[in-house]
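S.K.: Got coords-v9.txt for you, compact mmCIF, C-alpha atoms and all ligand atoms:
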```
# COMPACT_ATOMS: atom_id res chain seq x y z
CA MET P 119 12.29 159.87 82.89
CA ASN P 120 15.01 160.15 85.45
CA LEU P 121 16.17 156.60 86.06
CA GLU P 122 18.19 157.59 89.10
CA ASN P 123 15.02 158.97 90.76
CA LEU P 124 13.19 155.77 89.87
CA ARG P 125 15.93 153.70 91.49
CA GLN P 126 15.80 155.75 94.70
CA LYS P 127 12.01 155.58 94.89
CA ALA P 128 11.99 151.83 94.30
CA TYR P 129 14.65 151.19 96.94
CA GLU P 130 12.80 153.32 99.50
CA ASP P 131 9.58 151.40 98.82
CA LEU P 132 11.48 148.13 99.14
CA LYS P 133 12.90 149.11 102.51
CA LYS P 134 9.41 149.88 103.79
CA ALA P 135 7.90 146.60 102.61
CA SER P 136 7.54 144.54 105.78
CA SER P 137 5.38 141.65 104.56
CA MET P 138 5.23 139.37 101.54
CA GLU P 139 2.07 141.18 100.38
CA GLU P 140 3.75 144.60 100.53
CA LEU P 141 6.79 143.23 98.73
CA GLU P 142 4.55 141.93 95.96
CA GLU P 143 2.94 145.36 95.69
CA VAL P 144 6.37 146.95 95.19
CA ARG P 145 7.27 144.37 92.56
CA LEU P 146 4.07 145.09 90.65
CA LYS P 147 4.57 148.84 90.99
CA TYR P 148 7.96 148.75 89.26
CA LEU P 149 8.24 145.46 87.42
CA GLY P 150 4.59 144.44 86.89
CA ARG P 151 3.88 143.53 83.29
CA LYS P 152 0.87 145.84 82.98
CA GLN P 153 1.53 148.81 85.22
CA GLY P 154 5.15 148.54 86.28
CA GLU P 155 6.90 151.92 85.99
CA LEU P 156 10.21 150.43 84.86
CA THR P 157 8.40 148.04 82.50
CA ALA P 158 6.64 151.04 80.92
CA PHE P 159 9.98 152.76 80.47
CA LEU P 160 11.53 149.69 78.84
CA ARG P 161 8.49 149.38 76.59
CA SER P 162 8.89 153.00 75.42
CA PHE P 163 12.34 152.09 74.03
CA LYS P 164 10.96 151.33 70.62
CA ASP P 165 10.05 155.04 70.16
CA MET P 166 13.47 156.33 71.19
CA SER P 167 16.31 157.43 68.95
CA GLU P 168 19.35 155.24 68.59
CA ASP P 169 21.38 157.62 70.79
CA GLU P 170 18.81 157.54 73.58
CA LYS P 171 18.62 153.79 73.39
CA ARG P 172 22.38 153.53 73.71
CA GLU P 173 22.39 155.93 76.68
CA TYR P 174 19.45 154.60 78.71
CA GLY P 175 19.37 150.95 77.66
CA PRO P 176 22.17 149.62 79.86
CA ILE P 177 21.12 151.75 82.87
CA ALA P 178 17.51 150.57 82.66
CA GLN P 179 18.56 146.94 82.27
CA ARG P 180 20.90 147.15 85.24
CA LEU P 181 18.13 148.75 87.32
CA ARG P 182 15.80 145.90 86.41
CA ASN P 183 18.37 143.25 87.36
CA ASP P 184 19.19 145.05 90.62
CA LEU P 185 15.53 145.38 91.57
CA GLU P 186 14.82 141.71 90.81
CA GLN P 187 17.79 140.61 92.89
CA GLU P 188 16.87 142.93 95.75
CA ILE P 189 13.26 141.69 95.75
CA ASP P 190 14.46 138.05 95.84
CA GLU P 191 16.77 138.74 98.75
CA ARG P 192 14.08 140.60 100.65
CA GLU P 193 11.66 137.78 100.02
CA GLU P 194 14.11 135.28 101.53
CA LEU P 195 14.56 137.53 104.56
CA LEU P 196 10.83 137.96 105.08
CA LYS P 197 10.28 134.20 104.78
CA LYS P 198 12.86 133.56 107.46
CA GLN P 199 11.26 136.16 109.71
CA GLU P 200 7.83 134.65 109.21
CA ILE P 201 9.12 131.20 110.15
CA GLY P 202 10.74 132.78 113.17
CA THR P 203 7.36 133.99 114.37
CA ILE P 204 5.68 130.54 114.27
CA ASP P 205 4.80 129.41 117.78
CA LEU P 206 6.20 125.90 117.96
CA SER P 207 4.51 125.25 121.29
CA ILE P 208 1.04 125.23 119.69
CA PRO P 209 -0.27 121.63 119.42
CA GLY P 210 0.00 120.29 115.85
CA VAL P 211 -2.86 119.29 113.57
CA LYS P 212 -3.99 115.77 114.44
CA ILE P 213 -3.09 113.41 111.62
CA GLU P 214 -5.71 110.75 110.86
CA SER P 215 -3.93 107.42 110.94
CA GLY P 216 -5.25 104.35 109.14
CA ARG P 217 -6.69 101.40 111.00
CA ILE P 218 -7.05 97.73 110.39
CA HIS P 219 -10.51 96.72 109.08
CA ILE P 220 -12.61 94.89 111.64
CA LEU P 221 -12.93 91.81 109.40
CA SER P 222 -9.14 91.65 109.03
CA LYS P 223 -8.87 91.82 112.80
CA VAL P 224 -11.32 88.92 113.16
CA TYR P 225 -9.39 87.01 110.46
CA ASN P 226 -6.09 87.54 112.32
CA ASP P 227 -7.61 86.66 115.71
CA VAL P 228 -9.12 83.44 114.33
CA CYS P 229 -5.76 82.41 112.82
CA ASP P 230 -3.89 83.23 116.04
CA ILE P 231 -6.25 81.20 118.22
CA PHE P 232 -6.19 78.12 115.99
CA HIS P 233 -2.47 78.48 115.53
CA SER P 234 -2.09 78.32 119.31
CA MET P 235 -3.90 74.95 119.14
CA ASN P 236 -1.42 73.71 116.55
CA PHE P 237 -3.65 74.16 113.48
CA SER P 238 -1.99 75.10 110.19
CA VAL P 239 -3.49 77.83 108.00
CA ALA P 240 -4.24 76.67 104.43
CA GLU P 241 -5.42 78.42 101.28
CA GLY P 242 -7.26 77.41 98.12
CA PRO P 243 -8.43 79.04 94.88
CA GLU P 244 -11.57 81.19 94.83
CA LEU P 245 -12.26 80.19 91.22
CA GLU P 246 -12.66 76.51 91.95
CA GLU P 247 -13.03 73.39 89.86
CA GLU P 248 -16.51 71.91 89.89
CA LYS P 249 -15.12 68.57 91.07
CA TYR P 250 -13.65 70.05 94.27
CA ASN P 251 -16.55 72.39 95.04
CA PHE P 252 -19.16 69.65 94.52
CA ASP P 253 -18.28 66.17 93.25
CA ALA P 254 -15.46 65.30 95.64
CA LEU P 255 -17.64 66.55 98.48
CA ASN P 256 -20.24 63.91 97.69
CA ILE P 257 -22.48 66.28 95.73
CA PRO P 258 -22.71 64.79 92.21
CA ALA P 259 -24.31 66.73 89.34
CA ASN P 260 -27.78 65.28 89.85
CA HIS P 261 -27.77 65.60 93.64
CA PRO P 262 -30.53 67.85 95.01
CA ALA P 263 -28.08 69.25 97.56
CA ARG P 264 -26.43 71.27 94.77
CA GLU P 265 -29.41 73.57 95.09
CA MET P 266 -28.33 74.43 98.65
CA TRP P 267 -25.63 76.57 97.05
CA ASP P 268 -26.67 78.95 94.28
CA THR P 269 -23.59 79.29 92.23
CA PHE P 270 -21.74 81.72 90.01
CA TRP P 271 -20.71 79.52 87.09
CA VAL P 272 -17.84 80.62 84.92
CA LYS P 273 -18.54 80.17 81.21
CA ASN P 274 -16.86 77.13 79.79
CA ASP P 275 -13.98 77.67 77.47
CA LYS P 276 -10.80 75.69 76.95
CA ASN P 277 -9.17 76.79 80.21
CA THR P 278 -12.10 77.17 82.53
CA GLU P 279 -14.07 74.01 81.98
CA GLY P 280 -16.43 73.33 84.87
CA ARG P 281 -15.33 76.14 87.16
CA VAL P 282 -17.33 78.02 89.76
CA MET P 283 -16.66 80.80 92.19
CA ARG P 284 -16.44 78.52 95.22
CA THR P 285 -19.66 78.48 97.21
CA HIS P 286 -17.86 77.53 100.42
CA THR P 287 -14.33 76.87 101.67
CA SER P 288 -14.98 73.11 101.97
CA PRO P 289 -13.20 72.24 98.67
CA VAL P 290 -9.94 73.15 100.42
CA GLN P 291 -10.50 70.10 102.67
CA VAL P 292 -9.98 67.75 99.70
CA ARG P 293 -7.12 69.77 98.23
CA TYR P 294 -5.38 69.68 101.62
CA MET P 295 -5.92 65.94 102.08
CA LEU P 296 -4.39 65.26 98.67
CA GLU P 297 -1.26 67.12 99.66
CA HIS P 298 -0.79 66.06 103.29
CA LYS P 299 -0.50 62.80 105.13
CA PRO P 300 -2.61 62.43 108.31
CA PRO P 301 -2.63 63.08 111.18
CA PHE P 302 -3.11 66.83 110.66
CA GLN P 303 -5.27 69.77 111.64
CA MET P 304 -5.82 72.88 109.58
CA ILE P 305 -8.06 75.89 109.11
CA CYS P 306 -8.72 77.72 105.88
CA PRO P 307 -10.10 81.24 106.14
CA GLY P 308 -11.22 82.66 102.81
CA ARG P 309 -13.81 84.14 100.55
CA ALA P 310 -16.88 82.32 99.23
CA TYR P 311 -19.52 83.37 96.68
CA ARG P 312 -23.20 82.70 96.29
CA TYR P 313 -25.72 83.84 93.76
CA GLU P 314 -28.33 85.09 96.19
CA ALA P 315 -30.03 88.34 97.13
CA SER P 316 -28.20 90.31 99.79
CA ASP P 317 -29.90 91.32 103.02
CA ALA P 318 -28.83 92.14 106.58
CA THR P 319 -27.29 88.66 107.05
CA HIS P 320 -26.40 87.59 103.48
CA GLU P 321 -23.98 88.87 100.87
CA THR P 322 -23.04 87.53 97.43
CA ASP P 323 -19.45 87.32 98.58
CA PHE P 324 -18.52 86.69 102.17
CA ASN P 325 -15.86 84.88 104.22
CA GLN P 326 -15.82 81.48 105.84
CA ILE P 327 -13.43 79.59 108.09
CA GLU P 328 -13.07 75.95 107.22
CA GLY P 329 -11.58 73.57 109.74
CA LEU P 330 -10.36 70.00 109.36
CA MET P 331 -8.78 67.61 111.84
CA ILE P 332 -7.90 64.05 110.84
CA GLY P 333 -6.34 61.38 113.06
CA LYS P 334 -6.72 57.78 114.19
CA ASP P 335 -9.58 58.36 116.62
CA ILE P 336 -10.65 61.98 116.26
CA SER P 337 -14.33 62.32 117.18
CA LEU P 338 -17.03 64.95 117.66
CA ALA P 339 -15.94 65.09 121.30
CA ASN P 340 -12.57 66.45 120.13
CA PHE P 341 -14.44 68.92 117.96
CA LYS P 342 -16.51 70.08 120.94
CA PHE P 343 -13.37 70.74 122.95
CA VAL P 344 -11.57 72.57 120.12
CA ILE P 345 -14.52 74.72 119.25
CA GLU P 346 -15.38 75.60 122.85
CA GLU P 347 -11.76 76.60 123.40
CA PHE P 348 -11.90 78.71 120.26
CA PHE P 349 -15.09 80.49 121.36
CA ARG P 350 -13.72 80.99 124.89
CA GLN P 351 -10.72 82.80 123.46
CA PHE P 352 -12.50 84.59 120.63
CA PHE P 353 -15.39 85.95 122.70
CA LYS P 354 -13.18 86.28 125.81
CA ASP P 355 -15.81 84.43 127.84
CA ASP P 356 -14.81 81.46 130.02
CA LYS P 357 -18.36 80.22 130.50
CA ILE P 358 -19.29 79.94 126.85
CA GLU P 359 -21.84 77.21 126.05
CA VAL P 360 -21.93 75.32 122.74
CA LYS P 361 -24.58 72.93 121.44
CA PHE P 362 -24.96 70.80 118.33
CA ARG P 363 -28.21 70.36 116.43
CA ALA P 364 -28.56 67.48 113.97
CA SER P 365 -28.26 68.74 110.41
CA TYR P 366 -27.41 67.59 106.91
CA PHE P 367 -24.42 68.28 104.69
CA PRO P 368 -23.53 65.65 102.05
CA PHE P 369 -19.82 65.75 102.99
CA VAL P 370 -20.24 64.86 106.69
CA GLU P 371 -21.88 62.03 108.57
CA PRO P 372 -23.25 62.77 111.07
CA GLY P 373 -23.76 66.47 110.36
CA VAL P 374 -24.51 69.16 112.91
CA GLU P 375 -25.34 72.83 113.13
CA VAL P 376 -23.28 74.60 115.80
CA ASP P 377 -24.97 77.08 118.13
CA VAL P 378 -23.23 79.17 120.73
CA LYS P 379 -24.88 80.83 123.75
CA ILE P 380 -23.67 84.34 124.02
CA TRP P 381 -25.15 87.42 125.67
CA GLY P 382 -27.85 85.00 126.99
CA LYS P 383 -29.02 83.92 123.51
CA TRP P 384 -28.38 80.83 121.36
CA LEU P 385 -26.92 81.87 118.00
CA GLU P 386 -26.10 79.75 114.96
CA ILE P 387 -22.46 79.96 113.83
CA GLY P 388 -22.12 77.34 111.08
CA GLY P 389 -22.05 73.69 110.11
CA ALA P 390 -19.83 70.77 111.10
CA GLY P 391 -19.65 67.01 111.33
CA MET P 392 -17.52 63.90 110.91
CA VAL P 393 -15.89 63.84 107.48
CA HIS P 394 -17.80 61.47 105.18
CA PRO P 395 -15.80 58.32 104.19
CA TYR P 396 -16.43 59.18 100.52
CA VAL P 397 -14.70 62.56 100.98
CA LEU P 398 -11.72 60.96 102.75
CA LYS P 399 -11.36 58.59 99.78
CA GLN P 400 -11.46 61.52 97.34
CA GLY P 401 -8.64 63.05 99.36
CA GLY P 402 -6.59 59.84 99.07
CA ILE P 403 -7.11 58.91 102.73
CA ASP P 404 -8.19 55.41 103.82
CA PRO P 405 -11.45 55.78 105.84
CA ALA P 406 -10.79 52.41 107.49
CA LYS P 407 -7.70 53.87 109.14
CA TRP P 408 -8.42 57.57 109.56
CA GLN P 409 -11.31 59.73 110.68
CA GLY P 410 -11.95 63.27 111.79
CA PHE P 411 -14.15 66.32 111.90
CA ALA P 412 -14.69 69.31 109.63
CA PHE P 413 -16.48 72.58 110.22
CA GLY P 414 -17.37 75.73 108.27
CA PHE P 415 -18.29 79.01 109.96
CA GLY P 416 -19.22 82.43 108.61
CA MET P 417 -16.47 84.93 109.40
CA GLU P 418 -18.84 87.91 109.15
CA ARG P 419 -21.22 86.07 111.46
CA LEU P 420 -18.50 85.84 114.11
CA ALA P 421 -17.80 89.56 113.75
CA ILE P 422 -21.49 90.47 113.80
CA ILE P 423 -22.00 88.58 117.06
CA LYS P 424 -18.81 89.77 118.75
CA TYR P 425 -19.13 93.44 117.82
CA GLY P 426 -22.93 93.78 117.56
CA VAL P 427 -22.91 94.79 113.87
CA PRO P 428 -26.55 95.21 112.74
CA ASP P 429 -26.05 94.64 109.00
CA ILE P 430 -23.48 92.51 107.13
CA ARG P 431 -23.41 95.04 104.27
CA LEU P 432 -21.69 97.58 106.55
CA PHE P 433 -18.40 95.64 106.35
CA LYS P 434 -17.91 96.55 102.70
CA SER P 435 -19.66 99.91 102.77
CA GLY P 436 -16.35 101.77 103.01
CA ASP P 437 -18.09 104.12 105.47
CA GLU P 438 -15.45 105.61 107.75
CA ARG P 439 -18.05 106.20 110.48
CA PHE P 440 -18.43 102.41 110.66
CA ASN P 441 -14.74 101.53 110.45
CA LYS P 442 -13.80 104.12 113.07
CA GLN P 443 -15.84 102.44 115.78
CA PHE P 444 -13.50 99.49 116.24
C1 LIG M 1 -21.47 75.43 104.37
O1 LIG M 1 -21.09 76.31 103.58
C2 LIG M 1 -20.67 74.23 104.66
N1 LIG M 1 -19.57 74.14 103.76
C3 LIG M 1 -20.20 74.26 106.12
C4 LIG M 1 -19.62 72.95 106.58
C5 LIG M 1 -18.26 72.74 106.48
C6 LIG M 1 -20.45 71.97 107.10
C7 LIG M 1 -17.71 71.53 106.92
C8 LIG M 1 -19.93 70.76 107.53
C9 LIG M 1 -18.56 70.57 107.44
P1 LIG M 1 -23.59 76.81 105.09
O2 LIG M 1 -24.15 76.99 103.73
O3 LIG M 1 -24.55 76.64 106.19
O4 LIG M 1 -22.57 75.61 105.12
O5 LIG M 1 -22.66 78.09 105.42
C10 LIG M 1 -21.90 78.14 106.60
C11 LIG M 1 -21.93 79.54 107.20
O6 LIG M 1 -21.49 80.50 106.22
C12 LIG M 1 -23.33 80.03 107.57
O7 LIG M 1 -23.67 79.60 108.86
C13 LIG M 1 -23.19 81.53 107.52
O8 LIG M 1 -22.62 82.02 108.71
C14 LIG M 1 -22.19 81.72 106.39
N2 LIG M 1 -22.91 82.08 105.16
C15 LIG M 1 -23.53 81.27 104.28
N3 LIG M 1 -24.08 81.98 103.26
C16 LIG M 1 -23.79 83.27 103.52
C17 LIG M 1 -24.08 84.51 102.84
N4 LIG M 1 -24.74 84.55 101.68
N5 LIG M 1 -23.63 85.66 103.38
C18 LIG M 1 -22.92 85.62 104.55
N6 LIG M 1 -22.61 84.51 105.22
C19 LIG M 1 -23.04 83.35 104.72
```
Spell out the structure here as structure tokens.
M.R.:
Amino acid sequence: MNLENLRQKAYEDLKKASSMEELEEVRLKYLGRKQGELTAFLRSFKDMSEDEKREYGPIAQRLRNDLEQEIDEREELLKKQEIGTIDLSIPGVKIESGRIHILSKVYNDVCDIFHSMNFSVAEGPELEEEKYNFDALNIPANHPAREMWDTFWVKNDKNTEGRVMRTHTSPVQVRYMLEHKPPFQMICPGRAYRYEASDATHETDFNQIEGLMIGKDISLANFKFVIEEFFRQFFKDDKIEVKFRASYFPFVEPGVEVDVKIWGKWLEIGGAGMVHPYVLKQGGIDPAKWQGFAFGFGMERLAIIKYGVPDIRLFKSGDERFNKQF
């Protein structure tokens, strides 16, 4: 084979290659492992005499190096040309940006509103001691009210004696009292767990907002003002109406159920009442000197009412079509 002819042919083909595809064709034609003409020549070396090898070897090698280098350079050039032909005025592909989950938004809004009324934001453990979840809240072991909260018990061992996944955020009331001197006002947003079947309004884990305000003469009238102000801001409705219905929770006396009139309908939001003297004592507070109110609302319930969500299970469905709507 005439290597000089091969070189000329290859260089002519290279000059004509005007796209990456054509360049690749040329590379395969001469350097391809299976059908490359130069590759075939190099492979035939083993059948050549020593003299032939000495004569053609260096020329063939040089040709291969030159071709590889030329192809690389041409590739660079073509790439630059291709970039040069991109129309930068065409609108770009829209990038999906993340968004804050609607429950997180409700959580943040609730904290902001109470913060503006001088409430602190407290936290407590989700795996709670039995004494805080029940006993200190005036629900001893044999009290029928324990059945109001179906509980996830954590198996007893040395470290987890008498622990439950908290059934409500109320245990944080006692924890907070033990660590703070009155007067004070706090909210505690957080997760609660109940061993019950889920449906459109119930989940096994959900969020509550606990509230507690203790002072010398704090009464349900103060609670009515605070909670109406909260609803006014949260639902962005100045004419919001709130009513209390008598109810029973062992840790308040009297106890009430709070309803709010929104979109023309009365809807239940949660429980509240004046903190029971027994609970104040458990928190190290003298009930002869101090008094106050506590409340516990469902966070999902607030979101369901405000945004018209038809099923509580949608919040955790992870369905983008749901999340995108807010
Ligand atoms: C309580 O949990 C009391 N700790 C509230 C309280 C606090 C009363 C302080 C008095 C003083 P209740 O079990 O009703 O109460 O729950 C309060 C709210 O949590 C309910 O109105 C509801 O909105 C929400 N909730 C309760 N169970 C579930 C559930 N399984 N799924 C979703 N939300 C729930």
S.K.: Mind checking which residues fall within 6 Å of segment 319-330 of chain P, counting all atoms listed in the file, ignoring those fewer than 2 positions away in the same chain, and posting them as a short mmCIF file (atom, residue, chain, number, x, y, z; two decimals) with C-alpha atoms, keeping the file's coordinate frame?
M.R.:
```cif
data_model
loop_
_atom_site.label_atom_id
_atom_site.label_comp_id
_atom_site.auth_asym_id
_atom_site.auth_seq_id
_atom_site.Cartn_x
_atom_site.Cartn_y
_atom_site.Cartn_z
CA THR P 287 -14.33 76.87 101.67
CA GLN P 303 -5.27 69.77 111.64
CA MET P 304 -5.82 72.88 109.58
CA ILE P 305 -8.06 75.89 109.11
CA CYS P 306 -8.72 77.72 105.88
CA PRO P 307 -10.10 81.24 106.14
CA GLY P 308 -11.22 82.66 102.81
CA ARG P 309 -13.81 84.14 100.55
CA ALA P 310 -16.88 82.32 99.23
CA TYR P 311 -19.52 83.37 96.68
CA ARG P 312 -23.20 82.70 96.29
CA TYR P 313 -25.72 83.84 93.76
CA GLU P 314 -28.33 85.09 96.19
CA SER P 316 -28.20 90.31 99.79
CA ASP P 317 -29.90 91.32 103.02
CA PHE P 411 -14.15 66.32 111.90
CA ALA P 412 -14.69 69.31 109.63
CA PHE P 413 -16.48 72.58 110.22
CA GLY P 414 -17.37 75.73 108.27
CA PHE P 415 -18.29 79.01 109.96
CA GLY P 416 -19.22 82.43 108.61
CA MET P 417 -16.47 84.93 109.40
CA ILE P 430 -23.48 92.51 107.13
#
```
S.K.: Counting only C-alpha atoms, which residue out of P:Leu132, P:Ala263, P:Leu124, P:Ile201 sits closest to Phe159 of chain P?
M.R.: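 Distance minimum relative to Phe159 of chain P lands on P:Leu124.
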S.K.: Please indicate the distance in Å from atom CA of Glu173 of chain P to atom CA of Val144 of chain P, rounded to one decimal place.
M.R.: 26.1 Å
S.K.: Around all listed atoms of ligand LIG 1 (chain M), padded 5 Å per side, what centre and edge lengths does the axis-aligned box have in Å to one decimal, as AutoDock Vina command-line options?
M.R.:
```
--center_x -21.2 --center_y 78.1 --center_z 105.3 --size_x 17.0 --size_y 25.1 --size_z 17.2
```
S.K.: Taking all atoms listed in the file into account, name the residue in P:Gly382, P:Lys361, P:Leu141, P:His394 that is nearest to Glu194 of chain P.
M.R.: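 Result for the nearest residue to Glu194 of chain P: P:Leu141.
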S.K.: Between atom CA of Ile231 of chain P and atom CA of Pro368 of chain P, what distance in Å does the model show, to one decimal?
M.R.: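 Atom CA of Pro368 of chain P lies 28.3 Å from atom CA of Ile231 of chain P.
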S.K.: Could you state the separation of atom CA of Asp184 of chain P and atom CA of Lys152 of chain P in Å, given to one decimal place?
M.R.: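 Result for atom CA of Asp184 of chain P versus atom CA of Lys152 of chain P: 19.9 Å, one decimal.
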S.K.: Which is closest to Ile332 of chain P among P:Val378, P:Val282, P:Val239, P:Ile403, if we use only C-alpha atoms?
M.R.: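 Using only C-alpha atoms, the shortest distance to Ile332 of chain P belongs to P:Ile403.
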S.K.: Looking at all atoms listed in the file, which of P:Ala240, P:Val397, P:Ala339, P:Leu195 is the one that sits closest to ligand LIG 1 (chain M)?
M.R.: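 So, comparing all the options, the nearest one is P:Val397.
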S.K.: Which of these residues is nearest to Gln400 of chain P, using all atoms listed in the file: P:Gly373, P:Gly426, P:Pro289, P:Gly436?
M.R.: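 Answer, going by the shortest atom-to-atom distance: P:Pro289.
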S.K.: Between P:Asn236, P:Asn256, P:Gln443, P:Gln199, which has the minimum distance to Met331 of chain P (counting all atoms listed in the file)?
M.R.: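 When distances to Met331 of chain P are compared using all atoms listed in the file, the smallest one comes from P:Asn236.
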S.K.: I'd like the contact shell of segment 350-355 of chain P - 12 Å cut-off, all atoms listed in the file, skipping same-chain residues fewer than 2 positions apart - returned as an MDAnalysis selection string.
M.R.: chainID P and resid 223:232 234:235 342:348 357:360 378:381 417 420:425
S.K.: What's the 10 Å shell around Glu142 of chain P, counting only C-alpha atoms, without same-chain residues fewer than 6 positions away, as a list of chain:residue names?
M.R.: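 Skipping anything fewer than 6 positions along the chain leaves P:Leu132, P:Ala135, P:Leu149, P:Gly150, P:Ile189, P:Glu193.
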S.K.: Please provide as a list in words all residues within 8 Å of Gly333 of chain P, with the sequence filter that same-chain residues fewer than 3 positions apart are discarded (counting all atoms listed in the file).
M.R.: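 Contacts, in chain order: Pro300, Pro301, Phe302, Ile336, Trp408, Gln409 and Gly410 of chain P.
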S.K.: What's the 12 Å shell around Lys249 of chain P, counting only C-alpha atoms, without same-chain residues fewer than 5 positions away, as a list in words?
M.R.: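 So the residues in contact are Ala254, Leu255, Asn256, Ile257, Pro258, Ala259, Glu279, Gly280, Arg281, Val282, Arg284, Ser288, Pro289, Val290, Val292, Arg293, Val397, Gln400 and Gly401 of chain P.
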